[in-house]
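Novice: My structure is below; once you've seen it, I'll send some questions.
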Amino acid sequence: MPPGPVPPSWLLEVPLAHRGLHDEQRPENCLPAFAAAREAGYGVELDVQLTRDGVPVVVHDRDLARLTGRAGRVGKVTAAELTELPVLGSDERVATLDQALDVLGPTPVMIECKSLGLRAGRLEAVVADRLETHDGPWCVAGFNPGTARWFRRYRPAAVRVLTAGPLEGHALPGPVRRRLAALTDLEAADPHAVSYDLTGLPTPRTDAWREDGGAIVTWTVTSDAELARARELADNVIFEFIRPATAPPGDATPR
């Protein structure tokens, strides 16, 4: 038996486009990138944070500079202010989670909750409420083990993914990085899958997890060589800049 809940088949079968199928014409985490992934038969991994007024928006960085050229942080502006800012180099605007889910429809989506503090709950509760009316297949993920624990307690039917890896250079405190690298919180998080940085694979802990029937999704795969390595070490991939093969129509239908 798997060491945790059994993941849905789509989480093992459908490659996930990292922040959408983005390129020079379609910025990351924007609606056209999500639509392109949907049309290509891929799933999507996206990032969610809360604005000052509590609206979940699809943004990776805590700071707005790289995305919009504006100084400031996502949590310090309102949704109205943020969604009016053009994404650098394009006519696109920052999307809300609701807008992204509308575009994705039946496309599988991994929603990474960017919970910044040690405690989880505020962002997770808002995301959970939005997902209650979404008909497509989804899972929630995050580096904060509290995210998985929150969903395990308050939304036990949610598909949970613990994101982890060696995280060198990451802003997280050293003890937190070490806990994530070693998957110290695996039992408490009780995830359906682990999303582990490809640069850190394999580890004794991830090998043991897979040997016991656990699922590994690996990120971020950016070349054919990395894809071949990822196929040996993990059950699915989060990718960008390449186009992994997808299953024939019908074989990867989310179930």
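For the structure tokens, the naming scheme is as follows: chains receive sequential letters (A, B, ...) according to their order of presentation, residues are indexed from 1 within each chain, and ligands are indexed from 1 in presentation order.
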Give me the residues near Phe143 in chain A as a PDB file with all heavy atoms, in the first residue's frame, where near means some atom within 12 Å (using only C-alpha atoms) and where sequence neighbours in that chain fewer than 5 positions away do not count.
Specialist:
ATOM      1  N   ASP A  47       1.155  29.667  -9.269  1.00  0.00           N
ATOM      2  CA  ASP A  47       1.438  30.174  -7.929  1.00  0.00           C
ATOM      3  C   ASP A  47       0.369  31.174  -7.499  1.00  0.00           C
ATOM      4  O   ASP A  47      -0.070  31.989  -8.308  1.00  0.00           O
ATOM      5  CB  ASP A  47       2.794  30.891  -7.914  1.00  0.00           C
ATOM      6  CG  ASP A  47       3.894  30.052  -8.530  1.00  0.00           C
ATOM      7  OD1 ASP A  47       4.361  29.120  -7.856  1.00  0.00           O
ATOM      8  OD2 ASP A  47       4.273  30.315  -9.692  1.00  0.00           O
ATOM      9  N   ILE A 111      -1.952  24.015  -7.728  1.00  0.00           N
ATOM     10  CA  ILE A 111      -1.956  25.374  -7.190  1.00  0.00           C
ATOM     11  C   ILE A 111      -0.982  25.438  -6.026  1.00  0.00           C
ATOM     12  O   ILE A 111      -1.214  24.848  -4.969  1.00  0.00           O
ATOM     13  CB  ILE A 111      -3.373  25.768  -6.743  1.00  0.00           C
ATOM     14  CG1 ILE A 111      -4.318  25.739  -7.931  1.00  0.00           C
ATOM     15  CG2 ILE A 111      -3.361  27.146  -6.079  1.00  0.00           C
ATOM     16  CD1 ILE A 111      -5.772  25.796  -7.560  1.00  0.00           C
ATOM     17  N   GLU A 112       0.124  26.146  -6.250  1.00  0.00           N
ATOM     18  CA  GLU A 112       1.104  26.298  -5.181  1.00  0.00           C
ATOM     19  C   GLU A 112       0.737  27.496  -4.323  1.00  0.00           C
ATOM     20  O   GLU A 112       0.736  28.632  -4.795  1.00  0.00           O
ATOM     21  CB  GLU A 112       2.517  26.458  -5.724  1.00  0.00           C
ATOM     22  CG  GLU A 112       3.539  26.550  -4.602  1.00  0.00           C
ATOM     23  CD  GLU A 112       4.971  26.642  -5.078  1.00  0.00           C
ATOM     24  OE1 GLU A 112       5.305  25.998  -6.084  1.00  0.00           O
ATOM     25  OE2 GLU A 112       5.754  27.374  -4.435  1.00  0.00           O
ATOM     26  N   CYS A 113       0.418  27.239  -3.082  1.00  0.00           N
ATOM     27  CA  CYS A 113       0.079  28.304  -2.137  1.00  0.00           C
ATOM     28  C   CYS A 113       1.370  28.910  -1.598  1.00  0.00           C
ATOM     29  O   CYS A 113       2.155  28.223  -0.941  1.00  0.00           O
ATOM     30  CB  CYS A 113      -0.765  27.748  -0.993  1.00  0.00           C
ATOM     31  SG  CYS A 113      -2.388  27.144  -1.486  1.00  0.00           S
ATOM     32  N   LYS A 114       1.573  30.186  -1.863  1.00  0.00           N
ATOM     33  CA  LYS A 114       2.801  30.856  -1.435  1.00  0.00           C
ATOM     34  C   LYS A 114       2.586  31.429  -0.031  1.00  0.00           C
ATOM     35  O   LYS A 114       2.579  32.641   0.173  1.00  0.00           O
ATOM     36  CB  LYS A 114       3.178  31.958  -2.422  1.00  0.00           C
ATOM     37  CG  LYS A 114       3.242  31.524  -3.879  1.00  0.00           C
ATOM     38  CD  LYS A 114       4.349  30.527  -4.136  1.00  0.00           C
ATOM     39  CE  LYS A 114       5.689  31.193  -4.204  1.00  0.00           C
ATOM     40  NZ  LYS A 114       6.738  30.251  -4.669  1.00  0.00           N
ATOM     41  N   SER A 115       2.409  30.526   0.924  1.00  0.00           N
ATOM     42  CA  SER A 115       2.282  30.941   2.322  1.00  0.00           C
ATOM     43  C   SER A 115       3.649  31.347   2.832  1.00  0.00           C
ATOM     44  O   SER A 115       4.567  30.529   2.896  1.00  0.00           O
ATOM     45  CB  SER A 115       1.719  29.799   3.174  1.00  0.00           C
ATOM     46  OG  SER A 115       0.344  29.640   2.957  1.00  0.00           O
ATOM     47  N   LEU A 116       3.791  32.600   3.210  1.00  0.00           N
ATOM     48  CA  LEU A 116       5.109  33.147   3.498  1.00  0.00           C
ATOM     49  C   LEU A 116       5.533  32.993   4.952  1.00  0.00           C
ATOM     50  O   LEU A 116       6.708  32.954   5.260  1.00  0.00           O
ATOM     51  CB  LEU A 116       5.137  34.630   3.101  1.00  0.00           C
ATOM     52  CG  LEU A 116       4.795  34.893   1.626  1.00  0.00           C
ATOM     53  CD1 LEU A 116       4.721  36.379   1.361  1.00  0.00           C
ATOM     54  CD2 LEU A 116       5.822  34.232   0.723  1.00  0.00           C
ATOM     55  N   GLY A 117       4.584  32.925   5.858  1.00  0.00           N
ATOM     56  CA  GLY A 117       4.922  32.779   7.269  1.00  0.00           C
ATOM     57  C   GLY A 117       4.992  31.321   7.669  1.00  0.00           C
ATOM     58  O   GLY A 117       4.724  30.412   6.882  1.00  0.00           O
ATOM     59  N   LEU A 118       5.379  31.084   8.907  1.00  0.00           N
ATOM     60  CA  LEU A 118       5.448  29.719   9.391  1.00  0.00           C
ATOM     61  C   LEU A 118       4.063  29.129   9.601  1.00  0.00           C
ATOM     62  O   LEU A 118       3.868  27.924   9.514  1.00  0.00           O
ATOM     63  CB  LEU A 118       6.243  29.672  10.705  1.00  0.00           C
ATOM     64  CG  LEU A 118       7.731  30.029  10.575  1.00  0.00           C
ATOM     65  CD1 LEU A 118       8.398  29.983  11.942  1.00  0.00           C
ATOM     66  CD2 LEU A 118       8.439  29.096   9.604  1.00  0.00           C
ATOM     67  N   ARG A 119       3.099  29.995   9.879  1.00  0.00           N
ATOM     68  CA  ARG A 119       1.725  29.520  10.056  1.00  0.00           C
ATOM     69  C   ARG A 119       0.995  29.552   8.717  1.00  0.00           C
ATOM     70  O   ARG A 119       1.201  30.432   7.908  1.00  0.00           O
ATOM     71  CB  ARG A 119       0.990  30.385  11.071  1.00  0.00           C
ATOM     72  CG  ARG A 119       1.515  30.247  12.497  1.00  0.00           C
ATOM     73  CD  ARG A 119       0.662  31.043  13.464  1.00  0.00           C
ATOM     74  NE  ARG A 119       1.121  30.896  14.836  1.00  0.00           N
ATOM     75  CZ  ARG A 119       0.531  31.467  15.878  1.00  0.00           C
ATOM     76  NH1 ARG A 119      -0.544  32.227  15.706  1.00  0.00           N
ATOM     77  NH2 ARG A 119       1.012  31.283  17.098  1.00  0.00           N
ATOM     78  N   ALA A 120       0.139  28.579   8.529  1.00  0.00           N
ATOM     79  CA  ALA A 120      -0.680  28.527   7.322  1.00  0.00           C
ATOM     80  C   ALA A 120      -2.141  28.646   7.726  1.00  0.00           C
ATOM     81  O   ALA A 120      -2.510  28.380   8.861  1.00  0.00           O
ATOM     82  CB  ALA A 120      -0.438  27.215   6.584  1.00  0.00           C
ATOM     83  N   ALA A 148      -0.159  21.689   3.577  1.00  0.00           N
ATOM     84  CA  ALA A 148      -0.711  20.337   3.482  1.00  0.00           C
ATOM     85  C   ALA A 148      -1.438  19.950   4.754  1.00  0.00           C
ATOM     86  O   ALA A 148      -2.500  19.311   4.718  1.00  0.00           O
ATOM     87  CB  ALA A 148       0.399  19.338   3.162  1.00  0.00           C
ATOM     88  N   ARG A 149      -0.875  20.337   5.904  1.00  0.00           N
ATOM     89  CA  ARG A 149      -1.535  20.002   7.168  1.00  0.00           C
ATOM     90  C   ARG A 149      -2.878  20.702   7.284  1.00  0.00           C
ATOM     91  O   ARG A 149      -3.851  20.118   7.799  1.00  0.00           O
ATOM     92  CB  ARG A 149      -0.630  20.356   8.343  1.00  0.00           C
ATOM     93  CG  ARG A 149       0.614  19.491   8.465  1.00  0.00           C
ATOM     94  CD  ARG A 149       1.244  19.600   9.844  1.00  0.00           C
ATOM     95  NE  ARG A 149       1.662  20.964  10.147  1.00  0.00           N
ATOM     96  CZ  ARG A 149       2.884  21.441   9.919  1.00  0.00           C
ATOM     97  NH1 ARG A 149       3.801  20.658   9.370  1.00  0.00           N
ATOM     98  NH2 ARG A 149       3.191  22.681  10.246  1.00  0.00           N
ATOM     99  N   ARG A 160      -3.296  16.753  -1.904  1.00  0.00           N
ATOM    100  CA  ARG A 160      -2.225  17.545  -1.294  1.00  0.00           C
ATOM    101  C   ARG A 160      -0.864  17.113  -1.818  1.00  0.00           C
ATOM    102  O   ARG A 160      -0.591  15.914  -1.944  1.00  0.00           O
ATOM    103  CB  ARG A 160      -2.253  17.384   0.229  1.00  0.00           C
ATOM    104  CG  ARG A 160      -3.598  17.705   0.863  1.00  0.00           C
ATOM    105  CD  ARG A 160      -3.563  17.467   2.364  1.00  0.00           C
ATOM    106  NE  ARG A 160      -3.271  16.083   2.724  1.00  0.00           N
ATOM    107  CZ  ARG A 160      -4.188  15.109   2.767  1.00  0.00           C
ATOM    108  NH1 ARG A 160      -5.452  15.377   2.463  1.00  0.00           N
ATOM    109  NH2 ARG A 160      -3.841  13.879   3.127  1.00  0.00           N
ATOM    110  N   VAL A 161      -0.021  18.109  -2.078  1.00  0.00           N
ATOM    111  CA  VAL A 161       1.340  17.847  -2.542  1.00  0.00           C
ATOM    112  C   VAL A 161       2.300  18.651  -1.662  1.00  0.00           C
ATOM    113  O   VAL A 161       2.099  19.848  -1.449  1.00  0.00           O
ATOM    114  CB  VAL A 161       1.519  18.244  -4.020  1.00  0.00           C
ATOM    115  CG1 VAL A 161       2.964  18.057  -4.463  1.00  0.00           C
ATOM    116  CG2 VAL A 161       0.571  17.433  -4.908  1.00  0.00           C
ATOM    117  N   LEU A 162       3.335  17.994  -1.172  1.00  0.00           N
ATOM    118  CA  LEU A 162       4.372  18.670  -0.400  1.00  0.00           C
ATOM    119  C   LEU A 162       5.530  19.000  -1.335  1.00  0.00           C
ATOM    120  O   LEU A 162       6.134  18.102  -1.916  1.00  0.00           O
ATOM    121  CB  LEU A 162       4.856  17.785   0.744  1.00  0.00           C
ATOM    122  CG  LEU A 162       5.994  18.358   1.607  1.00  0.00           C
ATOM    123  CD1 LEU A 162       5.550  19.637   2.314  1.00  0.00           C
ATOM    124  CD2 LEU A 162       6.486  17.327   2.609  1.00  0.00           C
ATOM    125  N   THR A 163       5.833  20.278  -1.506  1.00  0.00           N
ATOM    126  CA  THR A 163       6.926  20.714  -2.366  1.00  0.00           C
ATOM    127  C   THR A 163       8.211  20.781  -1.537  1.00  0.00           C
ATOM    128  O   THR A 163       8.214  21.307  -0.424  1.00  0.00           O
ATOM    129  CB  THR A 163       6.618  22.093  -2.970  1.00  0.00           C
ATOM    130  OG1 THR A 163       5.334  22.049  -3.599  1.00  0.00           O
ATOM    131  CG2 THR A 163       7.655  22.476  -4.012  1.00  0.00           C
ATOM    132  N   ALA A 164       9.298  20.249  -2.089  1.00  0.00           N
ATOM    133  CA  ALA A 164      10.522  20.148  -1.302  1.00  0.00           C
ATOM    134  C   ALA A 164      11.739  20.075  -2.219  1.00  0.00           C
ATOM    135  O   ALA A 164      11.633  20.071  -3.441  1.00  0.00           O
ATOM    136  CB  ALA A 164      10.464  18.921  -0.390  1.00  0.00           C
ATOM    137  N   GLY A 165      12.904  20.004  -1.575  1.00  0.00           N
ATOM    138  CA  GLY A 165      14.159  19.922  -2.307  1.00  0.00           C
ATOM    139  C   GLY A 165      15.276  20.527  -1.490  1.00  0.00           C
ATOM    140  O   GLY A 165      15.055  21.031  -0.381  1.00  0.00           O
ATOM    141  N   PRO A 166      16.496  20.530  -2.009  1.00  0.00           N
ATOM    142  CA  PRO A 166      17.612  21.119  -1.263  1.00  0.00           C
ATOM    143  C   PRO A 166      17.495  22.630  -1.118  1.00  0.00           C
ATOM    144  O   PRO A 166      17.999  23.201  -0.149  1.00  0.00           O
ATOM    145  CB  PRO A 166      18.840  20.730  -2.097  1.00  0.00           C
ATOM    146  CG  PRO A 166      18.313  20.405  -3.446  1.00  0.00           C
ATOM    147  CD  PRO A 166      16.937  19.860  -3.245  1.00  0.00           C
ATOM    148  N   LEU A 167      16.864  23.308  -2.082  1.00  0.00           N
ATOM    149  CA  LEU A 167      16.515  24.731  -1.980  1.00  0.00           C
ATOM    150  C   LEU A 167      17.713  25.618  -1.680  1.00  0.00           C
ATOM    151  O   LEU A 167      17.627  26.561  -0.892  1.00  0.00           O
ATOM    152  CB  LEU A 167      15.429  24.941  -0.913  1.00  0.00           C
ATOM    153  CG  LEU A 167      14.163  24.094  -1.072  1.00  0.00           C
ATOM    154  CD1 LEU A 167      13.193  24.375   0.049  1.00  0.00           C
ATOM    155  CD2 LEU A 167      13.517  24.331  -2.422  1.00  0.00           C
ATOM    156  N   HIS A 170      17.578  29.611  -1.538  1.00  0.00           N
ATOM    157  CA  HIS A 170      16.206  30.006  -1.265  1.00  0.00           C
ATOM    158  C   HIS A 170      16.162  30.888  -0.017  1.00  0.00           C
ATOM    159  O   HIS A 170      16.997  30.765   0.871  1.00  0.00           O
ATOM    160  CB  HIS A 170      15.334  28.769  -1.063  1.00  0.00           C
ATOM    161  CG  HIS A 170      13.874  29.012  -1.249  1.00  0.00           C
ATOM    162  ND1 HIS A 170      13.098  29.618  -0.294  1.00  0.00           N
ATOM    163  CD2 HIS A 170      13.036  28.739  -2.289  1.00  0.00           C
ATOM    164  CE1 HIS A 170      11.851  29.690  -0.721  1.00  0.00           C
ATOM    165  NE2 HIS A 170      11.787  29.170  -1.930  1.00  0.00           N
ATOM    166  N   ALA A 171      15.166  31.763   0.027  1.00  0.00           N
ATOM    167  CA  ALA A 171      15.073  32.720   1.136  1.00  0.00           C
ATOM    168  C   ALA A 171      14.619  32.085   2.448  1.00  0.00           C
ATOM    169  O   ALA A 171      14.675  32.729   3.496  1.00  0.00           O
ATOM    170  CB  ALA A 171      14.115  33.849   0.757  1.00  0.00           C
ATOM    171  N   LEU A 172      14.179  30.850   2.415  1.00  0.00           N
ATOM    172  CA  LEU A 172      13.735  30.201   3.648  1.00  0.00           C
ATOM    173  C   LEU A 172      14.893  30.053   4.633  1.00  0.00           C
ATOM    174  O   LEU A 172      16.049  29.882   4.238  1.00  0.00           O
ATOM    175  CB  LEU A 172      13.173  28.810   3.327  1.00  0.00           C
ATOM    176  CG  LEU A 172      11.843  28.753   2.593  1.00  0.00           C
ATOM    177  CD1 LEU A 172      11.566  27.323   2.140  1.00  0.00           C
ATOM    178  CD2 LEU A 172      10.715  29.251   3.471  1.00  0.00           C
ATOM    179  N   VAL A 176      14.561  25.377   8.069  1.00  0.00           N
ATOM    180  CA  VAL A 176      13.387  25.009   7.269  1.00  0.00           C
ATOM    181  C   VAL A 176      13.839  24.313   5.990  1.00  0.00           C
ATOM    182  O   VAL A 176      13.258  23.296   5.577  1.00  0.00           O
ATOM    183  CB  VAL A 176      12.538  26.251   6.945  1.00  0.00           C
ATOM    184  CG1 VAL A 176      11.375  25.886   6.032  1.00  0.00           C
ATOM    185  CG2 VAL A 176      12.017  26.883   8.231  1.00  0.00           C
ATOM    186  N   ARG A 177      14.882  24.844   5.348  1.00  0.00           N
ATOM    187  CA  ARG A 177      15.394  24.216   4.133  1.00  0.00           C
ATOM    188  C   ARG A 177      15.856  22.790   4.406  1.00  0.00           C
ATOM    189  O   ARG A 177      15.599  21.878   3.611  1.00  0.00           O
ATOM    190  CB  ARG A 177      16.549  25.039   3.553  1.00  0.00           C
ATOM    191  CG  ARG A 177      16.141  26.410   3.039  1.00  0.00           C
ATOM    192  CD  ARG A 177      17.178  26.955   2.061  1.00  0.00           C
ATOM    193  NE  ARG A 177      18.520  26.931   2.601  1.00  0.00           N
ATOM    194  CZ  ARG A 177      19.063  27.928   3.310  1.00  0.00           C
ATOM    195  NH1 ARG A 177      18.346  29.021   3.567  1.00  0.00           N
ATOM    196  NH2 ARG A 177      20.300  27.839   3.749  1.00  0.00           N
ATOM    197  N   ARG A 178      16.533  22.603   5.512  1.00  0.00           N
ATOM    198  CA  ARG A 178      17.024  21.260   5.837  1.00  0.00           C
ATOM    199  C   ARG A 178      15.874  20.298   6.106  1.00  0.00           C
ATOM    200  O   ARG A 178      15.933  19.119   5.727  1.00  0.00           O
ATOM    201  CB  ARG A 178      17.977  21.331   7.035  1.00  0.00           C
ATOM    202  CG  ARG A 178      19.324  21.984   6.696  1.00  0.00           C
ATOM    203  CD  ARG A 178      20.333  21.830   7.813  1.00  0.00           C
ATOM    204  NE  ARG A 178      20.019  22.670   8.967  1.00  0.00           N
ATOM    205  CZ  ARG A 178      20.418  23.936   9.089  1.00  0.00           C
ATOM    206  NH1 ARG A 178      21.104  24.520   8.129  1.00  0.00           N
ATOM    207  NH2 ARG A 178      20.109  24.630  10.178  1.00  0.00           N
ATOM    208  N   ARG A 179      14.833  20.771   6.764  1.00  0.00           N
ATOM    209  CA  ARG A 179      13.665  19.920   7.014  1.00  0.00           C
ATOM    210  C   ARG A 179      12.996  19.515   5.703  1.00  0.00           C
ATOM    211  O   ARG A 179      12.584  18.360   5.527  1.00  0.00           O
ATOM    212  CB  ARG A 179      12.656  20.639   7.910  1.00  0.00           C
ATOM    213  CG  ARG A 179      13.095  20.794   9.349  1.00  0.00           C
ATOM    214  CD  ARG A 179      12.003  21.460  10.183  1.00  0.00           C
ATOM    215  NE  ARG A 179      10.860  20.579  10.361  1.00  0.00           N
ATOM    216  CZ  ARG A 179      10.728  19.693  11.339  1.00  0.00           C
ATOM    217  NH1 ARG A 179      11.700  19.575  12.233  1.00  0.00           N
ATOM    218  NH2 ARG A 179       9.662  18.933  11.432  1.00  0.00           N
ATOM    219  N   LEU A 180      12.899  20.472   4.770  1.00  0.00           N
ATOM    220  CA  LEU A 180      12.271  20.167   3.493  1.00  0.00           C
ATOM    221  C   LEU A 180      13.121  19.204   2.676  1.00  0.00           C
ATOM    222  O   LEU A 180      12.605  18.272   2.050  1.00  0.00           O
ATOM    223  CB  LEU A 180      12.023  21.460   2.715  1.00  0.00           C
ATOM    224  CG  LEU A 180      10.871  22.319   3.234  1.00  0.00           C
ATOM    225  CD1 LEU A 180      10.870  23.681   2.567  1.00  0.00           C
ATOM    226  CD2 LEU A 180       9.531  21.623   3.024  1.00  0.00           C
ATOM    227  N   ALA A 181      14.428  19.428   2.663  1.00  0.00           N
ATOM    228  CA  ALA A 181      15.314  18.552   1.901  1.00  0.00           C
ATOM    229  C   ALA A 181      15.217  17.110   2.410  1.00  0.00           C
ATOM    230  O   ALA A 181      15.233  16.154   1.628  1.00  0.00           O
ATOM    231  CB  ALA A 181      16.750  19.052   1.989  1.00  0.00           C
ATOM    232  N   LEU A 183      12.654  15.854   3.997  1.00  0.00           N
ATOM    233  CA  LEU A 183      11.238  15.452   4.087  1.00  0.00           C
ATOM    234  C   LEU A 183      10.866  15.070   5.518  1.00  0.00           C
ATOM    235  O   LEU A 183      10.128  14.111   5.766  1.00  0.00           O
ATOM    236  CB  LEU A 183      10.940  14.296   3.127  1.00  0.00           C
ATOM    237  CG  LEU A 183      11.079  14.623   1.635  1.00  0.00           C
ATOM    238  CD1 LEU A 183      10.796  13.383   0.787  1.00  0.00           C
ATOM    239  CD2 LEU A 183      10.143  15.761   1.219  1.00  0.00           C
ATOM    240  N   ASP A 185       8.850  16.472   7.480  1.00  0.00           N
ATOM    241  CA  ASP A 185       7.431  16.658   7.785  1.00  0.00           C
ATOM    242  C   ASP A 185       6.505  15.782   6.938  1.00  0.00           C
ATOM    243  O   ASP A 185       5.306  16.029   6.868  1.00  0.00           O
ATOM    244  CB  ASP A 185       7.062  18.129   7.596  1.00  0.00           C
ATOM    245  CG  ASP A 185       7.821  19.033   8.545  1.00  0.00           C
ATOM    246  OD1 ASP A 185       7.427  19.100   9.714  1.00  0.00           O
ATOM    247  OD2 ASP A 185       8.811  19.657   8.118  1.00  0.00           O
ATOM    248  N   LEU A 186       7.057  14.763   6.320  1.00  0.00           N
ATOM    249  CA  LEU A 186       6.267  13.946   5.398  1.00  0.00           C
ATOM    250  C   LEU A 186       5.072  13.282   6.077  1.00  0.00           C
ATOM    251  O   LEU A 186       3.951  13.317   5.566  1.00  0.00           O
ATOM    252  CB  LEU A 186       7.177  12.890   4.769  1.00  0.00           C
ATOM    253  CG  LEU A 186       6.665  12.160   3.527  1.00  0.00           C
ATOM    254  CD1 LEU A 186       6.252  13.131   2.443  1.00  0.00           C
ATOM    255  CD2 LEU A 186       7.736  11.212   2.995  1.00  0.00           C
ATOM    256  N   ALA A 189       2.397  15.894   7.084  1.00  0.00           N
ATOM    257  CA  ALA A 189       1.707  16.474   5.926  1.00  0.00           C
ATOM    258  C   ALA A 189       0.810  15.450   5.241  1.00  0.00           C
ATOM    259  O   ALA A 189      -0.228  15.799   4.676  1.00  0.00           O
ATOM    260  CB  ALA A 189       2.731  17.019   4.937  1.00  0.00           C
ATOM    261  N   VAL A 194       4.799  13.974  -3.459  1.00  0.00           N
ATOM    262  CA  VAL A 194       5.869  14.908  -3.137  1.00  0.00           C
ATOM    263  C   VAL A 194       6.355  15.528  -4.439  1.00  0.00           C
ATOM    264  O   VAL A 194       6.587  14.821  -5.421  1.00  0.00           O
ATOM    265  CB  VAL A 194       7.038  14.195  -2.419  1.00  0.00           C
ATOM    266  CG1 VAL A 194       8.244  15.125  -2.308  1.00  0.00           C
ATOM    267  CG2 VAL A 194       6.605  13.710  -1.044  1.00  0.00           C
ATOM    268  N   SER A 195       6.481  16.854  -4.451  1.00  0.00           N
ATOM    269  CA  SER A 195       7.048  17.565  -5.595  1.00  0.00           C
ATOM    270  C   SER A 195       8.464  17.979  -5.205  1.00  0.00           C
ATOM    271  O   SER A 195       8.649  18.879  -4.388  1.00  0.00           O
ATOM    272  CB  SER A 195       6.197  18.790  -5.939  1.00  0.00           C
ATOM    273  OG  SER A 195       6.755  19.497  -7.028  1.00  0.00           O
ATOM    274  N   TYR A 196       9.467  17.310  -5.803  1.00  0.00           N
ATOM    275  CA  TYR A 196      10.857  17.467  -5.339  1.00  0.00           C
ATOM    276  C   TYR A 196      11.728  18.009  -6.461  1.00  0.00           C
ATOM    277  O   TYR A 196      11.639  17.573  -7.612  1.00  0.00           O
ATOM    278  CB  TYR A 196      11.398  16.121  -4.867  1.00  0.00           C
ATOM    279  CG  TYR A 196      12.500  16.236  -3.839  1.00  0.00           C
ATOM    280  CD1 TYR A 196      12.218  16.225  -2.479  1.00  0.00           C
ATOM    281  CD2 TYR A 196      13.833  16.346  -4.237  1.00  0.00           C
ATOM    282  CE1 TYR A 196      13.225  16.327  -1.528  1.00  0.00           C
ATOM    283  CE2 TYR A 196      14.849  16.439  -3.290  1.00  0.00           C
ATOM    284  CZ  TYR A 196      14.538  16.427  -1.934  1.00  0.00           C
ATOM    285  OH  TYR A 196      15.534  16.536  -0.997  1.00  0.00           O
ATOM    286  N   ASP A 197      12.595  18.955  -6.096  1.00  0.00           N
ATOM    287  CA  ASP A 197      13.519  19.578  -7.034  1.00  0.00           C
ATOM    288  C   ASP A 197      14.389  18.507  -7.705  1.00  0.00           C
ATOM    289  O   ASP A 197      15.047  17.708  -7.028  1.00  0.00           O
ATOM    290  CB  ASP A 197      14.392  20.570  -6.265  1.00  0.00           C
ATOM    291  CG  ASP A 197      15.337  21.360  -7.148  1.00  0.00           C
ATOM    292  OD1 ASP A 197      15.441  21.075  -8.362  1.00  0.00           O
ATOM    293  OD2 ASP A 197      15.993  22.273  -6.611  1.00  0.00           O
TER     294      ASP A 197
END
Novice: Quick one: residues within 6 Å of range 71-76 of chain A, only C-alpha atoms counted, chain neighbours fewer than 2 positions away excluded, as an MDAnalysis selection string?
Specialist: chainID A and resid 50:52 62:65
Novice: With N, CA, C and O atoms retained, write the just-selected residues as an mmCIF file, in the first residue's frame.
Specialist:
data_model
loop_
_atom_site.group_PDB
_atom_site.id
_atom_site.type_symbol
_atom_site.label_atom_id
_atom_site.label_comp_id
_atom_site.auth_asym_id
_atom_site.auth_seq_id
_atom_site.Cartn_x
_atom_site.Cartn_y
_atom_site.Cartn_z
ATOM 1 N N LEU A 50 -1.991 36.241 -1.784
ATOM 2 C CA LEU A 50 -3.111 37.113 -1.455
ATOM 3 C C LEU A 50 -2.705 38.576 -1.572
ATOM 4 O O LEU A 50 -1.610 38.972 -1.151
ATOM 5 N N THR A 51 -3.599 39.381 -2.132
ATOM 6 C CA THR A 51 -3.405 40.826 -2.144
ATOM 7 C C THR A 51 -3.762 41.398 -0.769
ATOM 8 O O THR A 51 -4.221 40.681 0.128
ATOM 9 N N ARG A 52 -3.582 42.679 -0.635
ATOM 10 C CA ARG A 52 -3.872 43.333 0.645
ATOM 11 C C ARG A 52 -5.321 43.147 1.055
ATOM 12 O O ARG A 52 -5.638 43.015 2.249
ATOM 13 N N ARG A 62 7.239 37.375 -4.424
ATOM 14 C CA ARG A 62 6.631 38.218 -3.399
ATOM 15 C C ARG A 62 6.712 39.690 -3.798
ATOM 16 O O ARG A 62 5.802 40.470 -3.545
ATOM 17 N N ASP A 63 7.819 40.054 -4.437
ATOM 18 C CA ASP A 63 8.029 41.424 -4.900
ATOM 19 C C ASP A 63 7.519 41.566 -6.330
ATOM 20 O O ASP A 63 7.593 40.633 -7.128
ATOM 21 N N LEU A 64 7.011 42.738 -6.667
ATOM 22 C CA LEU A 64 6.397 42.961 -7.966
ATOM 23 C C LEU A 64 7.375 43.376 -9.060
ATOM 24 O O LEU A 64 7.001 43.444 -10.227
ATOM 25 N N ALA A 65 8.636 43.652 -8.705
ATOM 26 C CA ALA A 65 9.557 44.286 -9.650
ATOM 27 C C ALA A 65 9.781 43.459 -10.910
ATOM 28 O O ALA A 65 9.709 43.979 -12.029
#
Novice: Within 9 Å of Ala230 in chain A, counting only C-alpha atoms, which residues show up once you throw out same-chain ones fewer than 4 positions away? Write them as an MDAnalysis selection string, please.
Specialist: chainID A and resid 198 201 217:219 221 225:226 234:237
Novice: For Arg229 in chain A, which residue out of A:Gly121, A:Pro145, A:Gly174, A:Pro202 is the nearest one, using only C-alpha atoms?
Specialist: A:Pro202
Novice: Extract, using only C-alpha atoms, all DNA, RNA and protein residues at most 12 Å from Glu84 in chain A, discarding same-chain residues fewer than 2 positions from it, and format them as a list in words.
Specialist: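 Listed by chain and then number, they are Thr68, Arg70, Val77, Thr78, Ala79, Ala80, Glu81, Leu82, Pro86, Val87, Asp91, Glu92, Arg93, Val94, Ala95 and Thr96 of chain A.
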Novice: Take the residues just selected and output them with C-alpha atoms as a short mmCIF file (atom, residue, chain, number, x, y, z; two decimals), in the first residue's frame.
Specialist:
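The result, written out as selection_21.cif:
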data_model
loop_
_atom_site.label_atom_id
_atom_site.label_comp_id
_atom_site.auth_asym_id
_atom_site.auth_seq_id
_atom_site.Cartn_x
_atom_site.Cartn_y
_atom_site.Cartn_z
CA THR A 68 5.61 44.50 -13.46
CA ARG A 70 6.86 48.36 -9.98
CA VAL A 77 -1.53 46.31 -2.93
CA THR A 78 -5.21 45.69 -3.61
CA ALA A 79 -6.41 43.33 -6.31
CA ALA A 80 -7.77 46.28 -8.29
CA GLU A 81 -4.38 47.98 -8.21
CA LEU A 82 -2.47 44.83 -9.08
CA PRO A 86 0.77 45.45 -17.18
CA VAL A 87 3.18 42.56 -17.12
CA ASP A 91 -0.17 43.75 -22.80
CA GLU A 92 -1.16 41.11 -20.25
CA ARG A 93 -2.34 41.82 -16.72
CA VAL A 94 -1.91 39.87 -13.52
CA ALA A 95 -4.67 37.27 -13.28
CA THR A 96 -6.80 36.39 -10.30
#
